[in-house]
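> So I've got this file, protein_27.cif, and it contains mmCIF, C-alpha atoms and all ligand atoms:
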```cif
data_my_file
#
loop_
_atom_site.group_PDB
_atom_site.id
_atom_site.type_symbol
_atom_site.label_atom_id
_atom_site.label_comp_id
_atom_site.auth_asym_id
_atom_site.auth_seq_id
_atom_site.Cartn_x
_atom_site.Cartn_y
_atom_site.Cartn_z
ATOM 1 C CA MET G 232 96.080 136.842 160.554
ATOM 2 C CA SER G 233 96.910 133.257 161.488
ATOM 3 C CA LEU G 234 99.623 132.341 163.947
ATOM 4 C CA CYS G 235 101.719 130.958 161.073
ATOM 5 C CA SER G 236 101.727 134.146 159.088
ATOM 6 C CA ASN G 237 102.595 136.096 162.244
ATOM 7 C CA VAL G 238 105.602 133.849 162.751
ATOM 8 C CA ALA G 239 106.564 134.209 159.089
ATOM 9 C CA LEU G 240 106.334 137.982 159.452
ATOM 10 C CA ALA G 241 108.483 137.949 162.588
ATOM 11 C CA VAL G 242 111.121 135.830 160.804
ATOM 12 C CA ALA G 243 111.065 138.149 157.783
ATOM 13 C CA ILE G 244 111.594 141.155 160.055
ATOM 14 C CA ALA G 245 114.441 139.426 161.887
ATOM 15 C CA LEU G 246 116.134 138.559 158.572
ATOM 16 C CA GLY G 247 115.556 142.078 157.305
ATOM 17 C CA LEU G 248 117.250 143.521 160.358
ATOM 18 C CA ALA G 249 120.139 141.086 160.021
ATOM 19 C CA GLY G 250 120.614 142.394 156.482
ATOM 20 C CA CYS G 251 120.913 145.932 157.825
ATOM 21 C CA SER G 252 123.815 145.322 160.190
ATOM 22 C CA GLU G 253 126.826 147.591 159.879
ATOM 23 C CA ARG G 254 128.904 147.541 156.713
ATOM 24 C CA GLY G 255 132.117 145.671 157.230
ATOM 25 C CA GLY G 256 130.654 144.029 160.312
ATOM 26 C CA ALA G 257 130.002 140.322 160.236
ATOM 27 C CA ASP G 258 126.558 140.062 158.635
ATOM 28 C CA PRO G 259 126.418 136.255 158.489
ATOM 29 C CA TYR G 260 123.873 136.178 155.665
ATOM 30 C CA ALA G 261 125.885 138.483 153.435
ATOM 31 C CA LEU G 262 129.087 136.556 154.157
ATOM 32 C CA MET G 263 127.383 133.217 153.479
ATOM 33 C CA GLU G 264 126.151 134.470 150.121
ATOM 34 C CA GLY G 265 129.588 135.911 149.373
ATOM 35 C CA GLU G 266 131.324 132.625 150.146
ATOM 36 C CA ASN G 267 128.959 130.696 147.879
ATOM 37 C CA ILE G 268 129.482 133.142 145.027
ATOM 38 C CA TYR G 269 133.234 133.000 145.536
ATOM 39 C CA LYS G 270 133.194 129.208 145.215
ATOM 40 C CA ALA G 271 130.962 129.285 142.127
ATOM 41 C CA GLU G 272 132.458 132.254 140.252
ATOM 42 C CA CYS G 273 135.954 133.074 141.493
ATOM 43 C CA ALA G 274 137.652 130.003 142.991
ATOM 44 C CA SER G 275 138.392 128.416 139.598
ATOM 45 C CA CYS G 276 140.974 131.156 138.981
ATOM 46 C CA HIS G 277 141.702 132.749 142.361
ATOM 47 C CA GLY G 278 141.901 129.386 144.172
ATOM 48 C CA ALA G 279 139.702 127.529 146.669
ATOM 49 C CA LYS G 280 141.834 128.969 149.493
ATOM 50 C CA LEU G 281 142.286 132.405 147.845
ATOM 51 C CA GLU G 282 145.819 131.317 146.910
ATOM 52 C CA GLY G 283 145.686 132.465 143.268
ATOM 53 C CA GLN G 284 147.442 130.785 140.350
ATOM 54 C CA ALA G 285 151.069 129.638 140.320
ATOM 55 C CA ASP G 286 153.694 132.279 139.415
ATOM 56 C CA TRP G 287 151.012 134.936 139.448
ATOM 57 C CA ARG G 288 153.525 137.771 139.054
ATOM 58 C CA THR G 289 154.896 136.392 135.767
ATOM 59 C CA ARG G 290 153.120 137.109 132.488
ATOM 60 C CA ARG G 291 152.325 134.060 130.388
ATOM 61 C CA PRO G 292 153.586 133.688 126.813
ATOM 62 C CA ASP G 293 150.259 135.174 125.644
ATOM 63 C CA GLY G 294 151.060 138.326 127.641
ATOM 64 C CA LYS G 295 148.329 137.823 130.232
ATOM 65 C CA LEU G 296 148.897 137.641 133.980
ATOM 66 C CA PRO G 297 147.695 134.627 135.980
ATOM 67 C CA ALA G 298 145.040 135.280 138.647
ATOM 68 C CA PRO G 299 146.581 136.813 141.805
ATOM 69 C CA PRO G 300 145.823 135.474 145.288
ATOM 70 C CA HIS G 301 143.208 137.285 147.364
ATOM 71 C CA ASP G 302 144.794 136.087 150.628
ATOM 72 C CA ALA G 303 147.401 137.918 152.721
ATOM 73 C CA SER G 304 150.171 137.056 150.213
ATOM 74 C CA GLY G 305 148.510 139.028 147.387
ATOM 75 C CA HIS G 306 147.846 142.744 146.968
ATOM 76 C CA THR G 307 144.040 142.733 146.908
ATOM 77 C CA TRP G 308 144.061 144.028 150.497
ATOM 78 C CA HIS G 309 146.171 147.038 149.414
ATOM 79 C CA HIS G 310 143.251 148.430 147.415
ATOM 80 C CA PRO G 311 140.174 150.280 148.695
ATOM 81 C CA MET G 312 136.839 148.458 148.525
ATOM 82 C CA VAL G 313 135.444 150.789 145.822
ATOM 83 C CA GLN G 314 138.320 149.839 143.526
ATOM 84 C CA LEU G 315 137.868 146.105 144.147
ATOM 85 C CA VAL G 316 134.141 146.438 143.439
ATOM 86 C CA ALA G 317 134.902 148.322 140.188
ATOM 87 C CA ILE G 318 137.350 145.604 139.048
ATOM 88 C CA ALA G 319 134.886 142.818 139.850
ATOM 89 C CA LYS G 320 132.094 144.662 138.019
ATOM 90 C CA HIS G 321 133.924 145.922 134.952
ATOM 91 C CA GLY G 322 137.111 143.842 134.771
ATOM 92 C CA MET G 323 140.584 145.268 134.095
ATOM 93 C CA VAL G 324 139.564 148.444 132.267
ATOM 94 C CA PRO G 325 140.415 152.124 132.864
ATOM 95 C CA PRO G 326 140.864 153.619 135.435
ATOM 96 C CA ASN G 327 142.056 150.325 136.957
ATOM 97 C CA ALA G 328 144.099 149.222 133.929
ATOM 98 C CA PRO G 329 145.485 150.946 130.826
ATOM 99 C CA GLU G 330 143.242 151.320 127.759
ATOM 100 C CA GLY G 331 143.265 148.113 125.707
ATOM 101 C CA TYR G 332 144.737 146.006 128.525
ATOM 102 C CA VAL G 333 144.100 142.299 127.936
ATOM 103 C CA SER G 334 143.252 140.166 130.954
ATOM 104 C CA ASP G 335 141.456 136.971 131.926
ATOM 105 C CA MET G 336 139.611 138.789 134.723
ATOM 106 C CA PRO G 337 135.936 138.730 133.649
ATOM 107 C CA ALA G 338 133.492 141.633 134.151
ATOM 108 C CA PHE G 339 130.718 140.398 136.441
ATOM 109 C CA ALA G 340 128.264 143.305 135.953
ATOM 110 C CA GLY G 341 125.184 141.782 134.336
ATOM 111 C CA LYS G 342 125.977 138.350 135.771
ATOM 112 C CA LEU G 343 126.050 139.289 139.462
ATOM 113 C CA THR G 344 124.111 142.094 141.171
ATOM 114 C CA ASP G 345 125.973 144.937 142.900
ATOM 115 C CA ARG G 346 124.998 143.412 146.229
ATOM 116 C CA GLN G 347 126.357 139.987 145.260
ATOM 117 C CA ILE G 348 129.638 141.563 144.120
ATOM 118 C CA GLU G 349 129.875 143.508 147.361
ATOM 119 C CA ASN G 350 129.132 140.394 149.415
ATOM 120 C CA VAL G 351 131.787 138.285 147.703
ATOM 121 C CA LEU G 352 134.360 141.006 148.399
ATOM 122 C CA LEU G 353 133.160 141.322 152.004
ATOM 123 C CA TRP G 354 133.665 137.577 152.365
ATOM 124 C CA ILE G 355 137.184 137.824 150.897
ATOM 125 C CA GLU G 356 137.887 140.662 153.355
ATOM 126 C CA SER G 357 136.533 138.548 156.232
ATOM 127 C CA GLN G 358 139.229 135.943 155.485
ATOM 128 C CA TRP G 359 142.132 138.338 156.058
ATOM 129 C CA PRO G 360 143.990 137.941 159.362
ATOM 130 C CA ALA G 361 143.518 140.718 161.943
ATOM 131 C CA GLU G 362 147.067 141.992 161.367
ATOM 132 C CA ILE G 363 146.424 142.436 157.622
ATOM 133 C CA LYS G 364 143.131 144.228 158.304
ATOM 134 C CA GLN G 365 144.973 146.573 160.660
ATOM 135 C CA ARG G 366 147.735 147.287 158.111
ATOM 136 C CA ARG G 367 145.096 147.820 155.442
ATOM 137 C CA THR G 368 143.251 150.388 157.569
ATOM 138 C CA GLU G 369 146.500 152.291 158.243
ATOM 139 C CA MET G 370 147.586 152.136 154.605
ATOM 140 C CA LEU G 371 144.260 153.382 153.221
ATOM 141 C CA GLN G 372 144.086 156.208 155.797
ATOM 142 C CA ARG G 373 147.384 157.586 154.522
ATOM 143 C CA ARG G 374 146.007 158.120 150.997
HETATM 144 C C1 LIG C 401 138.865 133.303 134.430
HETATM 145 C C2 LIG C 401 139.683 133.609 135.594
HETATM 146 C C3 LIG C 401 139.133 134.544 136.648
HETATM 147 C C4 LIG C 401 137.936 134.457 137.332
HETATM 148 C C5 LIG C 401 136.827 133.421 137.164
HETATM 149 C C6 LIG C 401 137.933 135.563 138.275
HETATM 150 N N1 LIG C 401 139.082 136.286 138.165
HETATM 151 FE FE1 LIG C 401 139.574 137.953 139.246
HETATM 152 N N2 LIG C 401 141.315 138.123 138.219
HETATM 153 C C7 LIG C 401 141.764 137.230 137.252
HETATM 154 C C8 LIG C 401 143.039 137.688 136.742
HETATM 155 C C9 LIG C 401 143.856 136.983 135.662
HETATM 156 C C10 LIG C 401 143.352 138.875 137.431
HETATM 157 C C11 LIG C 401 144.596 139.746 137.259
HETATM 158 C C12 LIG C 401 144.341 140.644 136.095
HETATM 159 C C13 LIG C 401 145.560 141.335 135.598
HETATM 160 O O1 LIG C 401 146.246 142.015 136.379
HETATM 161 O O2 LIG C 401 145.800 141.214 134.417
HETATM 162 C C14 LIG C 401 142.242 139.113 138.359
HETATM 163 C C15 LIG C 401 142.173 140.183 139.245
HETATM 164 C C16 LIG C 401 141.170 140.405 140.147
HETATM 165 C C17 LIG C 401 141.115 141.493 141.086
HETATM 166 C C18 LIG C 401 142.175 142.555 141.279
HETATM 167 C C19 LIG C 401 143.108 141.975 142.328
HETATM 168 C C20 LIG C 401 144.199 142.845 142.820
HETATM 169 O O3 LIG C 401 144.869 142.369 143.726
HETATM 170 O O4 LIG C 401 144.393 143.938 142.282
HETATM 171 C C21 LIG C 401 139.981 141.346 141.816
HETATM 172 C C22 LIG C 401 139.492 142.226 142.961
HETATM 173 C C23 LIG C 401 139.316 140.163 141.326
HETATM 174 N N3 LIG C 401 140.059 139.606 140.315
HETATM 175 C C24 LIG C 401 138.143 139.687 141.842
HETATM 176 C C25 LIG C 401 137.468 138.571 141.328
HETATM 177 C C26 LIG C 401 136.209 138.108 141.855
HETATM 178 C C27 LIG C 401 135.473 138.746 143.031
HETATM 179 C C28 LIG C 401 135.851 137.039 141.100
HETATM 180 C C29 LIG C 401 134.584 136.219 141.202
HETATM 181 C C30 LIG C 401 133.313 136.955 141.280
HETATM 182 C C31 LIG C 401 136.910 136.832 140.114
HETATM 183 N N4 LIG C 401 137.858 137.770 140.295
HETATM 184 C C32 LIG C 401 136.895 135.827 139.165
HETATM 185 C C33 LIG C 401 141.107 136.110 136.802
HETATM 186 C C34 LIG C 401 139.846 135.683 137.191
#
```
Have the structure of the file written as C-alpha cells, please.
Ligand code: HEC

Amino acid sequence: MSLCSNVALAVAIALGLAGCSERGGADPYALMEGENIYKAECASCHGAKLEGQADWRTRRPDGKLPAPPHDASGHTWHHPMVQLVAIAKHGMVPPNAPEGYVSDMPAFAGKLTDRQIENVLLWIESQWPAEIKQRRTEMLQRR
C-alpha cells in the first residue's frame, strides 16, 4: 500500500469516527450538512434565521397556516425529536395532524434520506439558546 492510500485510509477512519460521535452532541459534519439542507430546502418558508413567516399563527384566506418559526419564539422546541422527524418526513398527516388536514408543509421522505432529515433537525436544535434547550429537556421529561 502506498503512503498516499495509507493517508487516505487514516482520513476515512477519522471521518468515520467523527460521524459516530454522540447523538445530540456537536458532530460538526452532521451539523454542516444539516445547515446546508436547511438553507436549500427549508429556509424559503421557515426563514433564513428560522424566523418563520409573518403572522404565522393566523390562517390565510385559503385556510392554510403560514410556516412557523423554528427559533425560540416558535413551538418546534416543544416537540420531541421523533415527532419533528415524522413531520419533516411525512408532512402534516396523522398522528401529527387531523385526517385530511391541508398544509403547505411538504413531505421530505423520498427527497431527503432519514439521516439528512435528522441532521437538519439537529442543526435547528443546535441554534436554540441554552435556556431553551434546558426548558425543552424539563418539559419533555414531564411527559
Ligand atoms: C413550502 C413551505 C415549507 C417548506 C419548504 C418547509 N416547510 Fe416546514 N412547515 C411549513 C408550514 C406551513 C408548517 C405549518 C403546518 C401547519 O401547521 O399547517 C410547517 C411545519 C413544520 C414543522 C412543525 C413545526 C412545529 O413547530 O410544530 C416542522 C418540524 C417543519 N415544518 C420542518 C421543516 C423542515 C425540516 C423543512 C426543510 C427540510 C421544512 N419544514 C420545509 C411550510 C414549509
> From the set G:Ala279, G:Ala274, G:Ala303, G:Gln284, which residue has the shortest atom-to-atom contact distance to G:Ala361, counting only C-alpha atoms?
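Looking at the shortest contact to G:Ala361, the residue is G:Ala303.
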> Enclose all atoms of stretch 271-285 of chain G listed in the file in an axis-aligned box, grow every side by 5 Å, and hand back centre and edge lengths in Å to one decimal, as AutoDock Vina command-line options.

```
--center_x 141.0 --center_y 130.3 --center_z 144.2 --size_x 30.1 --size_y 15.5 --size_z 20.5
```
> So, counting all atoms listed in the file, which residue among G:Pro337, G:Gly283, G:Gly305, G:Pro326 is closest to G:Trp359?
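When distances to G:Trp359 are compared using all atoms listed in the file, the smallest one comes from G:Gly305.
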> Within 6 Å of ligand LIG 401 (chain C), counting all atoms listed in the file: which residues, as JSON, numbers by chain?
{"G": [269, 272, 273, 275, 276, 295, 296, 297, 298, 299, 306, 307, 315, 318, 319, 334, 335, 336, 337, 351, 352]}
> From the set G:Ala261, G:Glu362, G:Ala271, G:Asn327, which residue has the shortest atom-to-atom contact distance to G:His310, counting only C-alpha atoms?
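Using only C-alpha atoms, G:His310 sits closest to G:Asn327.
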> So how many Å separate atom CA of G:Glu282 and atom CA of G:Ser304, to one decimal?
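Calculated distance between atom CA of G:Glu282 and atom CA of G:Ser304 is 7.9 Å.
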> Quick check, in Å to one decimal: how far apart do atom CA of G:Val333 and atom CA of G:Asn267 lie?
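The value is 27.6 Å.
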> Work out how far atom CA of G:Gly294 is from atom CA of G:Met312, in Å to one decimal.
27.2 Å
> Which residues are near G:Ile363? Cut-off 10 Å, all atoms listed in the file, ignore same chain within fewer than 4 positions. Put them as a PyMOL selection string.
chain G and resi 302-304+308-309+356+358-359+367-369
> List the neighbours of stretch 341-349 of chain G out to 8 Å using all atoms listed in the file; skip same-chain residues closer than 2 positions along the sequence, and give me the result as a PyMOL selection string.
chain G and resi 264-265+268+316+319-320+339+351-353
> Given the choices G:Arg374, G:Met263, G:His321, G:His301, which gets closest to G:Lys280 if the distance is worked out from all atoms listed in the file?
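Residue with the minimum atom-to-atom distance to G:Lys280: G:His301.
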> Please output stretch 332-358 of chain G, rebuilt to include N, CA and C atoms, as a tab-separated table (two decimals), keeping the file's coordinate frame.

```tsv
chain	number	residue	atom	x	y	z
G	332	TYR	N	144.07	147.05	127.74
G	332	TYR	CA	144.74	146.01	128.52
G	332	TYR	C	143.98	144.68	128.37
G	333	VAL	N	144.74	143.60	128.15
G	333	VAL	CA	144.10	142.30	127.94
G	333	VAL	C	144.30	141.44	129.18
G	334	SER	N	143.19	140.91	129.70
G	334	SER	CA	143.25	140.17	130.95
G	334	SER	C	142.18	139.08	130.97
G	335	ASP	N	142.45	138.04	131.75
G	335	ASP	CA	141.46	136.97	131.93
G	335	ASP	C	140.39	137.33	132.96
G	336	MET	N	140.59	138.42	133.69
G	336	MET	CA	139.61	138.79	134.72
G	336	MET	C	138.29	139.19	134.06
G	337	PRO	N	137.22	138.39	134.29
G	337	PRO	CA	135.94	138.73	133.65
G	337	PRO	C	135.28	139.96	134.30
G	338	ALA	N	134.34	140.57	133.59
G	338	ALA	CA	133.49	141.63	134.15
G	338	ALA	C	132.21	140.96	134.61
G	339	PHE	N	131.88	141.12	135.90
G	339	PHE	CA	130.72	140.40	136.44
G	339	PHE	C	129.43	141.23	136.46
G	340	ALA	N	129.50	142.50	136.04
G	340	ALA	CA	128.26	143.30	135.95
G	340	ALA	C	127.36	142.62	134.94
G	341	GLY	N	126.08	142.48	135.26
G	341	GLY	CA	125.18	141.78	134.34
G	341	GLY	C	125.01	140.33	134.72
G	342	LYS	N	126.08	139.74	135.30
G	342	LYS	CA	125.98	138.35	135.77
G	342	LYS	C	125.63	138.32	137.27
G	343	LEU	N	126.31	139.18	138.02
G	343	LEU	CA	126.05	139.29	139.46
G	343	LEU	C	125.48	140.68	139.76
G	344	THR	N	124.63	140.78	140.77
G	344	THR	CA	124.11	142.09	141.17
G	344	THR	C	125.20	142.83	141.96
G	345	ASP	N	125.02	144.14	142.11
G	345	ASP	CA	125.97	144.94	142.90
G	345	ASP	C	126.11	144.37	144.31
G	346	ARG	N	124.98	143.96	144.87
G	346	ARG	CA	125.00	143.41	146.23
G	346	ARG	C	125.78	142.10	146.29
G	347	GLN	N	125.61	141.25	145.29
G	347	GLN	CA	126.36	139.99	145.26
G	347	GLN	C	127.86	140.26	145.13
G	348	ILE	N	128.22	141.22	144.30
G	348	ILE	CA	129.64	141.56	144.12
G	348	ILE	C	130.20	142.10	145.43
G	349	GLU	N	129.43	142.96	146.08
G	349	GLU	CA	129.88	143.51	147.36
G	349	GLU	C	130.03	142.39	148.40
G	350	ASN	N	129.08	141.47	148.42
G	350	ASN	CA	129.13	140.39	149.42
G	350	ASN	C	130.31	139.45	149.19
G	351	VAL	N	130.65	139.17	147.94
G	351	VAL	CA	131.79	138.28	147.70
G	351	VAL	C	133.08	138.98	148.16
G	352	LEU	N	133.16	140.29	147.95
G	352	LEU	CA	134.36	141.01	148.40
G	352	LEU	C	134.39	141.14	149.92
G	353	LEU	N	133.21	141.29	150.54
G	353	LEU	CA	133.16	141.32	152.00
G	353	LEU	C	133.61	139.98	152.57
G	354	TRP	N	133.23	138.90	151.88
G	354	TRP	CA	133.66	137.58	152.36
G	354	TRP	C	135.19	137.43	152.24
G	355	ILE	N	135.72	137.88	151.08
G	355	ILE	CA	137.18	137.82	150.90
G	355	ILE	C	137.85	138.62	152.04
G	356	GLU	N	137.33	139.81	152.29
G	356	GLU	CA	137.89	140.66	153.35
G	356	GLU	C	137.81	139.95	154.71
G	357	SER	N	136.72	139.22	154.94
G	357	SER	CA	136.53	138.55	156.23
G	357	SER	C	137.57	137.45	156.46
G	358	GLN	N	138.23	137.02	155.38
G	358	GLN	CA	139.23	135.94	155.49
G	358	GLN	C	140.62	136.47	155.84
```
